[in-house]
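Engineer: Pasting in a structure now, in structure tokens, and then I'll have a few things to ask.
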Amino acid sequence: MSSRRSSQSGVSRISDDQIIELVSKLRQLLPEIRNRRSDKVSASKVLQETCNYIRNLHKEVDDLSERLSQLLSTIDADSAEAAIIRSLIM
Amino acid sequence: MASLISSDPDTSPELNRKKRKRSTVETNSSMEKHRSKRWRTDKEQQIYSLKLFDALRGSRRSGREVRVTADRVLAVSARGATRWSRAILTSQLGGGASLRNHKKAKVVTGNGKLKKQPAAIKKENRRLPAVVRRVKVLGGLVPGCRKLSLPNLLEEATDYIAALEMQVRAMTALTQIIGGGGAAPPPADHQLGSS
């Protein structure tokens, strides 16, 4: 491919091969697509799944943050309980 | 580049250049894998959990505050190696970074070039818009990566996803350690604590 450039040019002039190669890397990460036959998944689909996955992760973190904020309100910062928790983490 | 050669006086310049060429290629891809793999280790998760717990003990505790703190500790764990982590830290400091991004946007805009592409590549023209749209959405989801080229964006997204997964694992474990996972803590604990 003649239009194979390094990362300087931005969105324009990305070759097909580049897109396929990069998207296949991304595919490795997605739990659903990993289990399917990789040839049949389009770049658009992989990108969409990636975006959905990131959104889901964000949502999980938000929910966990909410839960943690409730749990933490029951603990004193310097109590023995806090020290016990620290030792359980490691 | 010259500094790299001069900083290694033991080997001859030729040998050094060959070494450097080979190791640069290896280093780039191995650095990527190493970085993303780091998020998957138990050690990294424990360190993060501990730092997060320590950071949360002293602060006010709204869900929003916890989220912000969790992201900050995560970004710090990345040690400045990735764009998304630097973007999180600068955005939390106060918003001066957004000016920098706008400046870059003016220079790197690719839309004009896309429209001028010759009609000879019809297949690509038809297919690009959908992919480009999705790429933009992805760029919006990864902090600080709105105007990044596709290869860099995917690299950042890869690392960001691995880090987010660790964040979820760590916070889940922390939740379970402190108080009982998904279920409410049993009444007996409350009685003991409230006397």
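The chains in the structure tokens are called A, B, ... from first to last as shown; in each chain the residues are counted from 1, and the ligands are counted from 1 in the order shown.
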Residues of chain A within 7 Å of chain B, using only C-alpha atoms, as a PyMOL selection string?

Structural biologist: chain A and resi 7+10-12+22+26+43-44+47-48+51+54+57+60-62+64-66+68-69+71+73+77+85-86+89-90

Engineer: Please dump the current selection as an mmCIF file, in the first residue's frame; keep N, CA and C atoms.

Structural biologist:
```
data_model
loop_
_atom_site.group_PDB
_atom_site.id
_atom_site.type_symbol
_atom_site.label_atom_id
_atom_site.label_comp_id
_atom_site.auth_asym_id
_atom_site.auth_seq_id
_atom_site.Cartn_x
_atom_site.Cartn_y
_atom_site.Cartn_z
ATOM 1 N N SER A 7 2.245 7.811 12.309
ATOM 2 C CA SER A 7 1.101 8.436 12.961
ATOM 3 C C SER A 7 0.972 9.941 12.799
ATOM 4 N N GLY A 10 -2.833 12.038 11.136
ATOM 5 C CA GLY A 10 -4.176 12.198 11.655
ATOM 6 C C GLY A 10 -5.179 11.333 10.926
ATOM 7 N N VAL A 11 -6.402 11.812 10.801
ATOM 8 C CA VAL A 11 -7.476 10.948 10.320
ATOM 9 C C VAL A 11 -7.360 10.643 8.830
ATOM 10 N N SER A 12 -6.804 11.526 8.051
ATOM 11 C CA SER A 12 -6.813 11.330 6.604
ATOM 12 C C SER A 12 -5.828 10.253 6.176
ATOM 13 N N LEU A 22 -4.885 -2.767 13.000
ATOM 14 C CA LEU A 22 -5.118 -2.156 14.305
ATOM 15 C C LEU A 22 -6.399 -2.680 14.939
ATOM 16 N N LEU A 26 -7.375 -4.674 18.594
ATOM 17 C CA LEU A 26 -8.431 -4.270 19.508
ATOM 18 C C LEU A 26 -9.367 -5.438 19.786
ATOM 19 N N ALA A 43 -14.728 -3.880 10.967
ATOM 20 C CA ALA A 43 -14.052 -2.865 11.776
ATOM 21 C C ALA A 43 -15.066 -2.025 12.525
ATOM 22 N N SER A 44 -16.142 -1.675 11.837
ATOM 23 C CA SER A 44 -17.154 -0.840 12.451
ATOM 24 C C SER A 44 -17.751 -1.522 13.676
ATOM 25 N N LEU A 47 -15.276 -1.519 16.592
ATOM 26 C CA LEU A 47 -15.219 -0.199 17.223
ATOM 27 C C LEU A 47 -16.461 0.039 18.072
ATOM 28 N N GLN A 48 -17.586 -0.380 17.548
ATOM 29 C CA GLN A 48 -18.826 -0.189 18.293
ATOM 30 C C GLN A 48 -18.793 -0.986 19.597
ATOM 31 N N CYS A 51 -16.562 0.679 22.115
ATOM 32 C CA CYS A 51 -17.192 1.830 22.766
ATOM 33 C C CYS A 51 -18.197 1.369 23.814
ATOM 34 N N ILE A 54 -16.323 0.101 26.899
ATOM 35 C CA ILE A 54 -15.792 1.184 27.734
ATOM 36 C C ILE A 54 -16.911 1.854 28.515
ATOM 37 N N LEU A 57 -17.812 -0.338 31.395
ATOM 38 C CA LEU A 57 -16.799 -0.261 32.446
ATOM 39 C C LEU A 57 -16.967 1.028 33.246
ATOM 40 N N GLU A 60 -19.826 0.594 35.565
ATOM 41 C CA GLU A 60 -19.465 -0.250 36.718
ATOM 42 C C GLU A 60 -18.680 0.549 37.734
ATOM 43 N N VAL A 61 -17.740 1.338 37.244
ATOM 44 C CA VAL A 61 -16.926 2.130 38.170
ATOM 45 C C VAL A 61 -17.808 3.132 38.928
ATOM 46 N N ASP A 62 -18.749 3.726 38.230
ATOM 47 C CA ASP A 62 -19.659 4.648 38.904
ATOM 48 C C ASP A 62 -20.449 3.947 39.999
ATOM 49 N N LEU A 64 -19.699 1.174 41.552
ATOM 50 C CA LEU A 64 -18.793 0.794 42.626
ATOM 51 C C LEU A 64 -18.420 2.002 43.475
ATOM 52 N N SER A 65 -18.254 3.139 42.841
ATOM 53 C CA SER A 65 -17.920 4.352 43.585
ATOM 54 C C SER A 65 -19.032 4.698 44.562
ATOM 55 N N GLU A 66 -20.251 4.600 44.077
ATOM 56 C CA GLU A 66 -21.401 4.880 44.923
ATOM 57 C C GLU A 66 -21.417 3.936 46.111
ATOM 58 N N LEU A 68 -18.933 2.190 47.383
ATOM 59 C CA LEU A 68 -17.801 2.459 48.272
ATOM 60 C C LEU A 68 -18.063 3.670 49.148
ATOM 61 N N SER A 69 -18.687 4.693 48.578
ATOM 62 C CA SER A 69 -18.924 5.896 49.376
ATOM 63 C C SER A 69 -19.852 5.584 50.540
ATOM 64 N N LEU A 71 -20.152 2.532 51.975
ATOM 65 C CA LEU A 71 -19.432 1.679 52.917
ATOM 66 C C LEU A 71 -18.430 2.474 53.732
ATOM 67 N N SER A 73 -18.499 5.461 54.715
ATOM 68 C CA SER A 73 -19.059 6.350 55.726
ATOM 69 C C SER A 73 -19.220 5.636 57.061
ATOM 70 N N ALA A 77 -11.428 6.984 59.853
ATOM 71 C CA ALA A 77 -10.211 7.024 59.055
ATOM 72 C C ALA A 77 -9.039 6.333 59.755
ATOM 73 N N ILE A 85 -8.460 -3.524 57.506
ATOM 74 C CA ILE A 85 -8.794 -3.534 56.076
ATOM 75 C C ILE A 85 -7.538 -3.415 55.230
ATOM 76 N N ARG A 86 -6.659 -2.523 55.624
ATOM 77 C CA ARG A 86 -5.411 -2.361 54.869
ATOM 78 C C ARG A 86 -4.642 -3.659 54.817
ATOM 79 N N ILE A 89 -6.081 -6.032 52.317
ATOM 80 C CA ILE A 89 -5.903 -5.695 50.909
ATOM 81 C C ILE A 89 -4.620 -6.321 50.369
ATOM 82 N N MET A 90 -3.569 -6.185 51.135
ATOM 83 C CA MET A 90 -2.281 -6.689 50.639
ATOM 84 C C MET A 90 -2.190 -8.185 50.826
#
```

Engineer: Leu89 in chain B: which residues within 10 Å, counting only C-alpha atoms, same-chain residues fewer than 2 positions away excluded, as a list in words?

Structural biologist: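 Once the nearby chain positions are removed, what remains is Asp71, Arg72, Val73, Leu74, Ala75, Val76, Gly80, Trp84, Ser85, Arg86, Ala87, Ser91, Gln92, Leu93, Gly94, Ala97 and Pro143 of chain B.
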
Engineer: Asp159 in chain B: which residues within 9 Å, counting only C-alpha atoms, same-chain residues fewer than 5 positions away excluded, as a count of residues only?

Structural biologist: 10

Engineer: Take CA of Val23 in chain A and CA of Arg40 in chain B and report the distance between them in Å, one decimal.

Structural biologist: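 Atom-to-atom, CA of Val23 in chain A and CA of Arg40 in chain B are spaced 21.3 Å apart.
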
Engineer: Just give me the gap between CA of Leu72 in chain A and CA of Arg79 in chain B in Å, one decimal is fine.

Structural biologist: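 It comes out at 27.0 Å.
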